[in-house]
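Below: coords_6.csv (CSV, C-alpha atoms)
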```
chain,number,residue,atom,x,y,z
T,1,MET,CA,0.0,0.0,0.0
T,2,ALA,CA,1.3,3.4,-0.9
T,3,THR,CA,2.4,5.9,1.8
T,4,GLY,CA,1.5,9.5,2.1
T,5,ARG,CA,5.0,10.7,1.5
T,6,THR,CA,5.1,9.4,-2.1
T,7,HIS,CA,1.5,9.9,-3.3
T,8,ARG,CA,-0.4,13.1,-2.9
T,9,PRO,CA,-4.2,13.5,-3.4
T,10,ALA,CA,-5.3,14.6,-6.9
T,11,THR,CA,-7.8,17.3,-5.8
T,12,ARG,CA,-5.8,20.4,-6.5
T,13,SER,CA,-4.4,19.2,-9.8
T,14,ARG,CA,-7.9,18.4,-11.0
T,15,GLY,CA,-9.0,22.0,-10.2
T,16,ILE,CA,-11.5,21.2,-7.5
T,17,PRO,CA,-12.3,24.4,-5.5
T,18,GLU,CA,-11.2,24.4,-1.8
T,19,ALA,CA,-14.8,24.9,-0.7
T,20,THR,CA,-15.8,21.8,-2.5
T,21,VAL,CA,-12.9,19.9,-1.0
T,22,ALA,CA,-14.0,21.0,2.5
T,23,ARG,CA,-17.5,19.5,1.8
T,24,LEU,CA,-16.3,16.2,0.5
T,25,PRO,CA,-15.8,14.7,4.0
T,26,LEU,CA,-19.4,15.7,4.9
T,27,TYR,CA,-20.7,13.8,1.8
T,28,LEU,CA,-18.4,10.8,2.6
T,29,ARG,CA,-19.7,10.6,6.2
T,30,ALA,CA,-23.3,10.6,5.0
T,31,LEU,CA,-22.6,8.1,2.3
T,32,THR,CA,-20.7,5.8,4.7
T,33,ALA,CA,-23.8,5.8,7.0
T,34,LEU,CA,-26.0,4.8,4.0
T,35,SER,CA,-23.5,2.1,2.9
T,36,GLU,CA,-23.5,0.6,6.4
T,37,ARG,CA,-27.3,0.4,6.1
T,38,SER,CA,-26.9,-1.3,2.7
T,39,VAL,CA,-28.7,1.5,0.9
T,40,PRO,CA,-27.8,1.1,-2.8
T,41,THR,CA,-28.7,4.5,-4.2
T,42,VAL,CA,-29.5,8.0,-2.9
T,43,SER,CA,-31.0,11.1,-4.5
T,44,SER,CA,-29.2,14.4,-4.4
T,45,GLU,CA,-31.9,15.9,-2.2
T,46,GLU,CA,-31.6,13.1,0.4
T,47,LEU,CA,-27.8,13.1,0.4
T,48,ALA,CA,-27.7,16.9,0.6
T,49,ALA,CA,-30.1,16.9,3.6
T,50,ALA,CA,-27.9,14.2,5.3
T,51,ALA,CA,-24.8,16.3,4.7
T,52,GLY,CA,-26.3,19.6,5.7
T,53,VAL,CA,-26.0,21.4,2.3
T,54,ASN,CA,-28.4,22.3,-0.4
T,55,SER,CA,-28.9,19.9,-3.3
T,56,ALA,CA,-27.8,22.4,-6.0
T,57,LYS,CA,-24.5,22.9,-4.3
T,58,LEU,CA,-24.1,19.1,-3.9
T,59,ARG,CA,-24.7,18.5,-7.6
T,60,LYS,CA,-22.2,21.2,-8.5
T,61,ASP,CA,-19.6,19.7,-6.2
T,62,PHE,CA,-20.1,16.2,-7.7
T,63,SER,CA,-19.8,17.6,-11.2
T,64,TYR,CA,-16.1,18.4,-10.3
T,65,LEU,CA,-15.7,14.7,-9.7
T,66,GLY,CA,-17.3,13.8,-13.0
T,67,SER,CA,-20.3,12.2,-11.2
T,68,TYR,CA,-23.7,13.3,-12.3
T,69,GLY,CA,-26.0,10.5,-11.1
T,70,THR,CA,-28.8,8.9,-13.0
T,71,ARG,CA,-32.1,10.7,-13.5
T,72,GLY,CA,-34.8,8.9,-11.6
T,73,VAL,CA,-32.4,6.7,-9.8
T,74,GLY,CA,-29.9,9.0,-8.1
T,75,TYR,CA,-26.3,8.2,-7.1
T,76,ASP,CA,-24.7,4.8,-6.6
T,77,VAL,CA,-23.7,4.9,-2.9
T,78,GLU,CA,-20.8,2.5,-3.1
T,79,TYR,CA,-19.3,4.1,-6.2
T,80,LEU,CA,-19.5,7.6,-4.6
T,81,VAL,CA,-17.9,6.3,-1.4
T,82,TYR,CA,-15.0,5.0,-3.5
T,83,GLN,CA,-14.8,8.1,-5.8
T,84,ILE,CA,-14.7,10.6,-2.9
T,85,SER,CA,-12.3,8.4,-0.9
T,86,ARG,CA,-10.0,8.4,-3.9
T,87,GLU,CA,-10.2,12.1,-4.4
T,88,LEU,CA,-9.4,12.7,-0.7
T,89,GLY,CA,-6.5,10.3,-0.8
T,90,LEU,CA,-8.1,7.9,1.6
T,91,THR,CA,-7.5,4.8,-0.5
T,92,GLN,CA,-3.8,5.2,0.6
T,93,ASP,CA,-2.1,4.7,4.0
T,94,TRP,CA,-1.4,8.0,5.7
T,95,PRO,CA,1.0,7.7,8.6
T,96,VAL,CA,0.3,10.4,11.2
T,97,VAL,CA,2.3,11.5,14.3
T,98,ILE,CA,0.6,13.2,17.2
T,99,VAL,CA,2.8,15.5,19.2
T,100,GLY,CA,1.6,16.4,22.8
T,101,ILE,CA,0.1,13.5,24.7
T,102,GLY,CA,-1.9,15.4,27.3
T,103,ASN,CA,-5.6,14.9,27.7
T,104,LEU,CA,-6.4,16.0,24.1
T,105,GLY,CA,-3.5,14.1,22.5
T,106,ALA,CA,-4.5,10.9,24.4
T,107,ALA,CA,-8.1,11.3,23.3
T,108,LEU,CA,-7.0,11.7,19.7
T,109,ALA,CA,-4.8,8.6,20.0
T,110,ASN,CA,-7.7,6.6,21.3
T,111,TYR,CA,-10.0,7.8,18.5
T,112,GLY,CA,-11.0,4.7,16.5
T,113,GLY,CA,-12.1,6.5,13.4
T,114,PHE,CA,-8.6,7.2,12.0
T,115,ALA,CA,-7.9,3.7,10.7
T,116,SER,CA,-11.2,3.3,8.9
T,117,ARG,CA,-10.6,6.6,7.1
T,118,GLY,CA,-7.1,5.9,5.8
T,119,PHE,CA,-5.0,7.3,8.6
T,120,ARG,CA,-2.6,5.3,10.7
T,121,VAL,CA,-1.2,6.7,14.0
T,122,ALA,CA,2.5,5.9,13.4
T,123,ALA,CA,3.8,7.5,16.6
T,124,LEU,CA,2.9,9.4,19.8
T,125,ILE,CA,5.4,12.1,20.8
T,126,ASP,CA,5.8,14.1,24.0
T,127,ALA,CA,8.4,16.4,25.6
T,128,ASP,CA,7.9,15.0,29.1
T,129,PRO,CA,10.6,12.3,29.8
T,130,ALA,CA,8.3,10.7,32.3
T,131,MET,CA,5.9,9.9,29.4
T,132,ALA,CA,8.5,8.0,27.4
T,133,GLY,CA,7.6,4.4,27.0
T,134,LYS,CA,4.1,4.7,28.5
T,135,PRO,CA,1.4,3.0,26.4
T,136,VAL,CA,-1.4,5.2,25.1
T,137,ALA,CA,-4.0,3.5,22.8
T,138,GLY,CA,-1.6,0.5,22.6
T,139,ILE,CA,1.3,2.7,21.3
T,140,ALA,CA,4.4,3.6,23.4
T,141,VAL,CA,4.9,7.3,23.7
T,142,GLN,CA,8.3,8.5,22.4
T,143,HIS,CA,10.3,11.5,23.5
T,144,THR,CA,10.5,14.6,21.2
T,145,ASP,CA,14.3,13.9,20.8
T,146,GLU,CA,13.2,11.2,18.4
T,147,LEU,CA,10.9,13.3,16.4
T,148,GLU,CA,13.0,13.7,13.2
T,149,HIS,CA,14.0,10.0,13.2
T,150,ILE,CA,10.4,8.9,13.6
T,151,ILE,CA,9.2,11.1,10.8
T,152,GLU,CA,11.9,9.9,8.4
T,153,SER,CA,11.6,6.2,9.3
T,154,ASN,CA,7.8,6.2,9.0
T,155,GLY,CA,7.5,8.4,5.9
T,156,VAL,CA,5.2,10.8,7.8
T,157,SER,CA,3.8,13.8,5.9
T,158,ILE,CA,0.9,14.7,8.3
T,159,GLY,CA,1.5,15.9,11.9
T,160,VAL,CA,-1.0,16.7,14.6
T,161,ILE,CA,0.0,19.3,17.2
T,162,ALA,CA,-1.8,19.0,20.5
T,163,THR,CA,0.8,20.8,22.7
T,164,PRO,CA,0.4,23.9,24.8
T,165,ALA,CA,0.4,27.1,22.8
T,166,GLY,CA,4.0,28.1,23.8
T,167,ALA,CA,5.5,25.0,22.4
T,168,ALA,CA,3.4,24.7,19.2
T,169,GLN,CA,5.5,26.9,16.9
T,170,GLN,CA,8.8,25.2,17.7
T,171,VAL,CA,7.2,21.8,17.2
T,172,CYS,CA,5.7,23.0,13.9
T,173,GLU,CA,9.1,24.1,12.7
T,174,ARG,CA,10.7,20.8,13.6
T,175,LEU,CA,7.9,18.9,11.9
T,176,VAL,CA,8.3,21.0,8.7
T,177,ALA,CA,12.1,20.7,8.7
T,178,ALA,CA,11.8,16.9,9.0
T,179,GLY,CA,9.5,16.7,6.0
T,180,VAL,CA,6.0,17.1,7.2
T,181,THR,CA,3.9,19.1,4.7
T,182,SER,CA,0.4,19.0,6.4
T,183,ILE,CA,-0.4,19.9,10.0
T,184,LEU,CA,-3.5,19.7,12.0
T,185,ASN,CA,-3.2,22.2,14.8
T,186,PHE,CA,-5.1,21.9,18.1
T,187,ALA,CA,-2.9,24.3,20.0
T,188,PRO,CA,-4.5,27.7,20.8
T,189,THR,CA,-2.2,29.7,18.6
T,190,VAL,CA,-1.6,30.7,15.0
T,191,LEU,CA,1.3,28.8,13.4
T,192,THR,CA,3.7,30.4,10.8
T,193,VAL,CA,4.6,27.9,8.1
T,194,PRO,CA,6.5,28.2,4.7
T,195,ASP,CA,4.8,28.0,1.4
T,196,GLY,CA,3.9,24.4,0.5
T,197,VAL,CA,2.8,23.5,4.0
T,198,ASP,CA,-0.9,23.2,4.7
T,199,VAL,CA,-2.3,23.9,8.2
T,200,ARG,CA,-5.8,23.2,9.4
T,201,LYS,CA,-6.6,24.7,12.8
T,202,VAL,CA,-9.1,23.3,15.3
T,203,ASP,CA,-9.9,25.9,18.0
T,204,LEU,CA,-12.4,24.7,20.5
T,205,SER,CA,-12.5,27.9,22.5
T,206,ILE,CA,-13.4,30.0,19.5
T,207,GLU,CA,-16.3,27.6,18.6
T,208,LEU,CA,-17.5,27.8,22.2
T,209,GLN,CA,-17.3,31.6,22.2
T,210,ILE,CA,-19.4,31.8,19.1
T,211,LEU,CA,-22.0,29.5,20.7
T,212,ALA,CA,-21.9,31.6,23.8
T,213,PHE,CA,-22.5,34.8,21.8
T,214,HIS,CA,-25.6,33.2,20.1
T,215,GLU,CA,-26.9,31.9,23.5
T,216,GLN,CA,-26.6,35.3,25.0
T,217,ARG,CA,-28.3,36.9,22.0
T,218,LYS,CA,-31.2,34.5,22.3
T,219,ALA,CA,-31.4,35.2,26.0
T,220,GLY,CA,-31.5,38.9,25.3
T,221,GLU,CA,-34.2,38.6,22.7
T,222,GLU,CA,-36.3,36.5,25.0
T,223,GLY,CA,-35.8,38.5,28.3
T,224,GLY,CA,-35.3,42.1,27.2
T,225,PRO,CA,-32.4,44.5,27.5
T,226,ASP,CA,-31.3,43.4,31.0
T,227,SER,CA,-30.9,39.8,30.0
T,228,GLY,CA,-27.5,40.0,28.2
T,229,GLY,CA,-26.4,41.4,24.9
T,230,PRO,CA,-23.0,41.8,23.4
T,231,ALA,CA,-21.4,42.7,26.7
T,232,ALA,CA,-22.7,39.6,28.4
T,233,ALA,CA,-21.6,37.6,25.4
T,234,ALA,CA,-18.1,39.0,25.7
T,235,ARG,CA,-18.0,38.1,29.4
T,236,ALA,CA,-19.2,34.6,28.7
T,237,ALA,CA,-16.6,34.2,25.9
T,238,ALA,CA,-13.8,35.3,28.2
T,239,ALA,CA,-14.9,32.8,30.8
T,240,VAL,CA,-14.8,30.1,28.2
T,241,ALA,CA,-11.3,31.1,27.1
T,242,ASP,CA,-10.1,31.2,30.7
T,243,ASP,CA,-11.4,27.7,31.5
T,244,ARG,CA,-10.0,26.3,28.3
T,245,GLN,CA,-6.5,25.8,29.6
T,246,GLY,CA,-5.2,24.3,32.8
T,247,PRO,CA,-1.9,25.2,34.4
T,248,ASP,CA,0.0,23.1,31.8
T,249,GLY,CA,-1.9,24.4,28.9
T,250,ASP,CA,-3.7,21.2,28.0
T,251,MET,CA,-7.1,21.5,26.2
T,252,PRO,CA,-10.0,19.4,27.4
T,253,ALA,CA,-10.3,15.9,25.9
T,254,VAL,CA,-12.6,15.8,22.9
T,255,MET,CA,-13.3,13.3,20.2
T,256,PRO,CA,-13.4,14.3,16.5
T,257,ALA,CA,-16.7,14.2,14.7
```
Here is a file; write its structure as structure tokens.
Amino acid sequence: MATGRTHRPATRSRGIPEATVARLPLYLRALTALSERSVPTVSSEELAAAAGVNSAKLRKDFSYLGSYGTRGVGYDVEYLVYQISRELGLTQDWPVVIVGIGNLGAALANYGGFASRGFRVAALIDADPAMAGKPVAGIAVQHTDELEHIIESNGVSIGVIATPAGAAQQVCERLVAAGVTSILNFAPTVLTVPDGVDVRKVDLSIELQILAFHEQRKAGEEGGPDSGGPAAAARAAAAVADDRQGPDGDMPAVMPA
């Protein structure tokens, strides 16, 4: 089976817009659920509803894949699962390293959905010498001194950063220097990377702050001017941000969708 280092997904070379690429995992998740129920075909309207998009946008997205369905029948579920998986590069083996095995890093290591989606956790890495050798999700944690050797020996091109904010940029630079070209960043900071390196950021506190804003706005609309408003939303957002990190900067344990 090919590794991520030698084979890259074909989406950009085929001219698929980034917005469409971002929606492909949503379609794949909905299609996988249909496949598990042995549903043979699905209409654009049904699939769009399951993925949370409108059907016109879905049909436009699928046109970039060269898939137009059959009038009166819909889309073949198994073929679309294969087609989208291929476009996303999920028919390959993508070795991944997770750096920072605190609460969040350990939760990510224990997430069972990686393997079924084409990702293999090749190594868990942490700066704490006391963590070295400890098993997490059946994998022995290795010290950051071994990072470059681990990346080279496993052909890793995707790194996950789950460290405290203060350590994230340095870890990022070491990953990039060792050959990693895609990074999923859970650390609460913005990373600076050179051209050719892709970064996806997952910031839980920002998402919670946005939800807090909407909750306060709804409360204000229901209870009148004394119930909240932007000032209350700001206070709630600040409280969320303060609670997000403990003394060691670890984020709360979560599981990916």
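The interatomic distance for the pair atom CA of T:Gln83 and atom CA of T:Val53 works out to 19.2 Å.
As for atom CA of T:Lys57 and atom CA of T:Glu18, they are spaced 13.6 Å apart.
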Closest atom pairs, stretch 17-109 of chain T residues within 9 Å of stretch 114-136 of chain T, all atoms listed in the file, as JSON lines:
```
{"residue": "T:Ser85", "atom": "CA", "partner": "T:Arg117", "partner_atom": "CA", "distance": 8.4}
{"residue": "T:Gly89", "atom": "CA", "partner": "T:Gly118", "partner_atom": "CA", "distance": 8.0}
{"residue": "T:Leu90", "atom": "CA", "partner": "T:Gly118", "partner_atom": "CA", "distance": 4.8}
{"residue": "T:Thr91", "atom": "CA", "partner": "T:Gly118", "partner_atom": "CA", "distance": 6.4}
{"residue": "T:Gln92", "atom": "CA", "partner": "T:Gly118", "partner_atom": "CA", "distance": 6.2}
{"residue": "T:Asp93", "atom": "CA", "partner": "T:Gly118", "partner_atom": "CA", "distance": 5.4}
{"residue": "T:Trp94", "atom": "CA", "partner": "T:Phe119", "partner_atom": "CA", "distance": 4.7}
{"residue": "T:Pro95", "atom": "CA", "partner": "T:Arg120", "partner_atom": "CA", "distance": 4.8}
{"residue": "T:Val96", "atom": "CA", "partner": "T:Val121", "partner_atom": "CA", "distance": 4.9}
{"residue": "T:Val97", "atom": "CA", "partner": "T:Ala123", "partner_atom": "CA", "distance": 4.9}
{"residue": "T:Ile98", "atom": "CA", "partner": "T:Leu124", "partner_atom": "CA", "distance": 5.1}
{"residue": "T:Val99", "atom": "CA", "partner": "T:Ile125", "partner_atom": "CA", "distance": 4.6}
{"residue": "T:Gly100", "atom": "CA", "partner": "T:Asp126", "partner_atom": "CA", "distance": 4.9}
{"residue": "T:Ile101", "atom": "CA", "partner": "T:Asp126", "partner_atom": "CA", "distance": 5.8}
{"residue": "T:Gly102", "atom": "CA", "partner": "T:Asp126", "partner_atom": "CA", "distance": 8.5}
{"residue": "T:Gly105", "atom": "CA", "partner": "T:Leu124", "partner_atom": "CA", "distance": 8.4}
{"residue": "T:Ala106", "atom": "CA", "partner": "T:Val136", "partner_atom": "CA", "distance": 6.5}
{"residue": "T:Ala109", "atom": "CA", "partner": "T:Val136", "partner_atom": "CA", "distance": 7.0}
```
Selected residues written out with C-alpha atoms, as a short mmCIF file (atom, residue, chain, number, x, y, z; two decimals), keeping the file's coordinate frame:
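Result written to selection.cif:
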```
data_model
loop_
_atom_site.label_atom_id
_atom_site.label_comp_id
_atom_site.auth_asym_id
_atom_site.auth_seq_id
_atom_site.Cartn_x
_atom_site.Cartn_y
_atom_site.Cartn_z
CA SER T 85 -12.30 8.40 -0.90
CA GLY T 89 -6.50 10.30 -0.80
CA LEU T 90 -8.10 7.90 1.60
CA THR T 91 -7.50 4.80 -0.50
CA GLN T 92 -3.80 5.20 0.60
CA ASP T 93 -2.10 4.70 4.00
CA TRP T 94 -1.40 8.00 5.70
CA PRO T 95 1.00 7.70 8.60
CA VAL T 96 0.30 10.40 11.20
CA VAL T 97 2.30 11.50 14.30
CA ILE T 98 0.60 13.20 17.20
CA VAL T 99 2.80 15.50 19.20
CA GLY T 100 1.60 16.40 22.80
CA ILE T 101 0.10 13.50 24.70
CA GLY T 102 -1.90 15.40 27.30
CA GLY T 105 -3.50 14.10 22.50
CA ALA T 106 -4.50 10.90 24.40
CA ALA T 109 -4.80 8.60 20.00
#
```
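Across T:Ser182, T:Asn103, T:Ser43, T:Asn54, the tightest approach to T:Gly74 is made by T:Ser43 when counting all atoms listed in the file.
The space between atom CA of T:Arg200 and atom CA of T:Ser44 spans 28.6 Å.
Taking only C-alpha atoms into account, T:Val180 lies nearest to T:Ser157 out of the set T:Thr163, T:Ser157, T:Ser205, T:Ser63.
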Query raised in the report: Which one is closest to T:Gly52: T:Pro40, T:Pro25, T:Pro164, T:Gly69? Count only C-alpha atoms.
Result: T:Pro25
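Proximity to T:Ala187 was assessed for T:Gln216, T:Gln209, T:Thr41, T:Gln169 counting all atoms listed in the file; the smallest distance is recorded for T:Gln169.
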